[in-house]
Number of protein chains: 2
Amino acid sequence: MTEPLNISSWTCPLPLQNYPTIVMGHGSGGKMMSDLIRHMFLPPMENEALTQLGDAAVLELDQRDPPTRVAFSTDSFVVNPLFFPGGDIGELAVYGTVNDLAMTGARPLFLSAGFILEEGLPMETLGELTTSFATAAEKANVQVVTGDTKVVNKGHGDGLYINTTGIGLIPPETAISPENARPGDAVIVSGMVGDHGMAIMSVREGLEFETQIVSDTSPLHELVETMLAASNEVHCLRDATRGGIAAALNELAKSSSVGIIFEEALIPIRPAVKAACEMLGMDPFYIANEGKLVAILKNEVAEDVLAAMHSHPLGQDAAIIGQVTADHPGLVLAKTGIGGSRVVDLPAGELLPRIC
Amino acid sequence: MTEPLNISSWTCPLPLQNYPTIVMGHGSGGKMMSDLIRHMFLPPMENEALTQLGDAAVLELDQRDPPTRVAFSTDSFVVNPLFFPGGDIGELAVYGTVNDLAMTGARPLFLSAGFILEEGLPMETLGELTTSFATAAEKANVQVVTGDTKVVNKGHGDGLYINTTGIGLIPPETAISPENARPGDAVIVSGMVGDHGMAIMSVREGLEFETQIVSDTSPLHELVETMLAASNEVHCLRDATRGGIAAALNELAKSSSVGIIFEEALIPIRPAVKAACEMLGMDPFYIANEGKLVAILKNEVAEDVLAAMHSHPLGQDAAIIGQVTADHPGLVLAKTGIGGSRVVDLPAGELLPRIC
């Protein structure tokens with residue numbers, strides 16, 4: 001693979017103007033969403049922090065020496081159903097934003113909570129979810145310091161939607177960015193992929209598997225701390241939520257203008273999730289996670305960081321899955337079991353909407 | 001009025017448990033919302049910053065000397081209709097959060113944008129609103145640095161909902177808090193009240209008035225800067241949105257444990273808004289504003305600050321409307337034109353829901 005591949009020949013992107021209205025696929029973490037963001041949201045608001053399109057913005061608040069640097073990230077949660085095997089929207093709303101902050105190397109500190117409640121939501125359900133939200137915040141050691149409550153008419157919501165926005169403090173020495181991947185770097189995934197998406201799908205579609213699949217919803221900031229304590233040569237971190245590890249790796253490849261190759265056989269995956277994916281004809285690399293990250297780091301420190309990850313409950317199944325290459329910048333390839341390789345592109349649209 | 005009044009004899013509060021489900025009134029900025037927040041959200045999440053219930057949380061980020069202090073505020077916007085006389089949800093979503101930050105004396109710096117889009121929303125409408133959002137951010141001199149996009153199924157939204165969360169930097173010398181009102185302080189309102197609520201109501205209910213009433217949606221941070229440049233004895237600031245100046249004054253009276261008395265005749269109000277209120281039997285003090293604040297400040301500096309406000313386009317109609325008293329703590333009284341006085345309590349519930 002000495003010549004860069006021509007990406008455009010591999011995909012069939014549908015330009016934004018082909019859609020006169022918003023469709024579900026615009027919210028699924030794939031190419032359609034990426035197009036919407038790049039063509040609709042970025043142009044009128046463009047600035048350096050926004051254009052990085054990281055999990056969280058990295059901001060300098062002042063001109064002190066060193067400047068006070070914070071991570072700032074927002075996420076709205078519209079998952080359906082509100083309760084699912086292994087979690088609920090309250091817990092998810094806390095960990096989702098905590099994880100986005102952690103992907104900059106920040107220590108998550110403060111959260112805001114914006115609740116949009118639908119008229120008719122049982123008070124008891126709200127009580128369960130606010131308790132779950134508060135418990136998750138306590139576990140993740142963040143304070144919920146400001147909030148907002150709106151009520152919309154019956155039929156104009158889905159029980160409730162939660163927006164959680166967070167602030168984290170970035171240590172002066174930390175330099176993690178989606179743009180920092182370098183050829184020769186190793187690629188790590190922190191554990192079993194696809195659990196969250198399959199848990200949602202199983203309950204939403206009424207699928208029954210031999211083993212119940214439960215969401216992996218969990219806060220990753222301690223795992224990240226463990227990794228950064230093992231080495232300061234971690235270059236990129238990405239939360240593998242909507243669009244799965246495929247979307248996460250594609251975004252990093254594009255932001256850093258590098259290629260990524262991984263081996264399919266090295267991706268940790270539960271037999272039940274694998275079986276469910278095969279049954280449904282879905283690719284597990286595209287299935288959402290809510291407690292898994294991908295990391296790109298200097299190859300020489302990869303084994304040390306991996307060992308550190310294995311010592312943490314959320315990193316027990318972490319594995320080195322591939323490497324970064326100067327070939328085919330912007331493109332992610334998977335080596336298949338039979339010796340070939342295939343392009344793992346951003347998913348097009350709605351693999352599974354309303355996953356978070 | 002030498003004896004403190006017994007507040008409980010004046011109102012008929014309905015406890016939360018009387019509502020087995022969420023109703024529209026829980027989102028209208030009145031007593032029902034206050035109950036929901038105090039009984040549902042605060043207990044599991046309690047911490048010092050949240051308990052202040054200011055427009056924005058005031059946070060110390062580090063242990064430097066002086067510490068880096070930021071204001072942090074979140075607001076979800078669900079206004080119906082999306083476009084209204086004098087503004088739209090995009091602009092409102094920026095100025096609403098900018099204003100909440102400004103009420104701590106902070107300089108608004110960064111915004112996040114969380115869009116929940118309903119399947120079927122015309123791309124053209126989204127384009128208009130993102131442009132409006134971006135233009136408002138530019139006017140308010142804030143950067144939109146991070147965002148999130150979700151899509152919900154047709155019928156499970158209302159075109160779009162926007163969450164805007166913001167960060168502002170608070171100068172070390174600033175000490176504005178809902179708890180700082182002191183007996184003897186003067187009370188100022190920054191301009192004509194009720195424009196936003198009446199603009200929404202007129203279009204929503206198809207009312208026609210002789211003069212079209214337009215929303216006052218505007219960013220107040222410059223007006224606040226002007227006020228603080230005139231004096232550092234401004235004790236409290238409050239954005240008079242849902243629940244109008246009545247809710248804003250009640251919240252300050254309760255947080256500071258003081259009484260407030262104002263003269264009805266001194267409240268600036270447009271003849272068209274006054275006429276519309278009379279026609280509809282509504283009290284203009286309860287109608288939402290989106291570009292008006294109430295300020296409580298040391299009586300000795302009130303005239304100077306007022307003069308400074310008059311020099312700013314958004315403070316031209318500012319007026320001193322009353323004072324803070326040690327009598328009847330937690331209670332707001334209005335002196336009527338005929339020499340009596342009446343209690344101006346928090347509104348109970350849904351005067352006009354989905355106003356912002």
# chains A, B, ... in the order shown; residues from 1 in each chain; ligands from 1
>>> interface_residues(of="chain A", to="chain B", cutoff="6 Å", atoms="only C-alpha atoms", output="ChimeraX atom specification")
/A:20-24,27,44-45,49-50,57,74-75,119-123,134,145-148,150-151,156-158
>>> select_by_dssp(residues="segment 67-157 of chain A", states="helix (DSSP H, G or I)", output="ChimeraX atom specification")
/A:89-102,123-139
>>> closest_residue(among="B:Ala348, B:Met279, B:Ala230, B:Gly206", to="Gly243 of chain B", atoms="only C-alpha atoms")
B:Ala348
>>> select_by_dssp(residues="segment 101-330 of chain B", states="strand (DSSP E)", output="PyMOL selection string")
chain B and resi 107-118+143-152+160-169+186-189+234-239+259-263+293-297+319-325
>>> closest_atom_pairs(of="segment 159-219 of chain B", to="segment 259-269 of chain B", cutoff="9 Å", atoms="only C-alpha atoms", output="JSON lines")
{"residue": "B:Pro183", "atom": "CA", "partner": "B:Gly259", "partner_atom": "CA", "distance": 7.9}
{"residue": "B:Val187", "atom": "CA", "partner": "B:Phe262", "partner_atom": "CA", "distance": 7.8}
{"residue": "B:Val189", "atom": "CA", "partner": "B:Ile267", "partner_atom": "CA", "distance": 7.5}
{"residue": "B:Ser190", "atom": "CA", "partner": "B:Pro268", "partner_atom": "CA", "distance": 8.7}
{"residue": "B:Gly191", "atom": "CA", "partner": "B:Pro268", "partner_atom": "CA", "distance": 6.1}
{"residue": "B:Met192", "atom": "CA", "partner": "B:Ile269", "partner_atom": "CA", "distance": 4.5}
{"residue": "B:Val193", "atom": "CA", "partner": "B:Ile269", "partner_atom": "CA", "distance": 5.3}
{"residue": "B:Gly194", "atom": "CA", "partner": "B:Ile269", "partner_atom": "CA", "distance": 7.3}
{"residue": "B:Asp195", "atom": "CA", "partner": "B:Ile269", "partner_atom": "CA", "distance": 8.5}
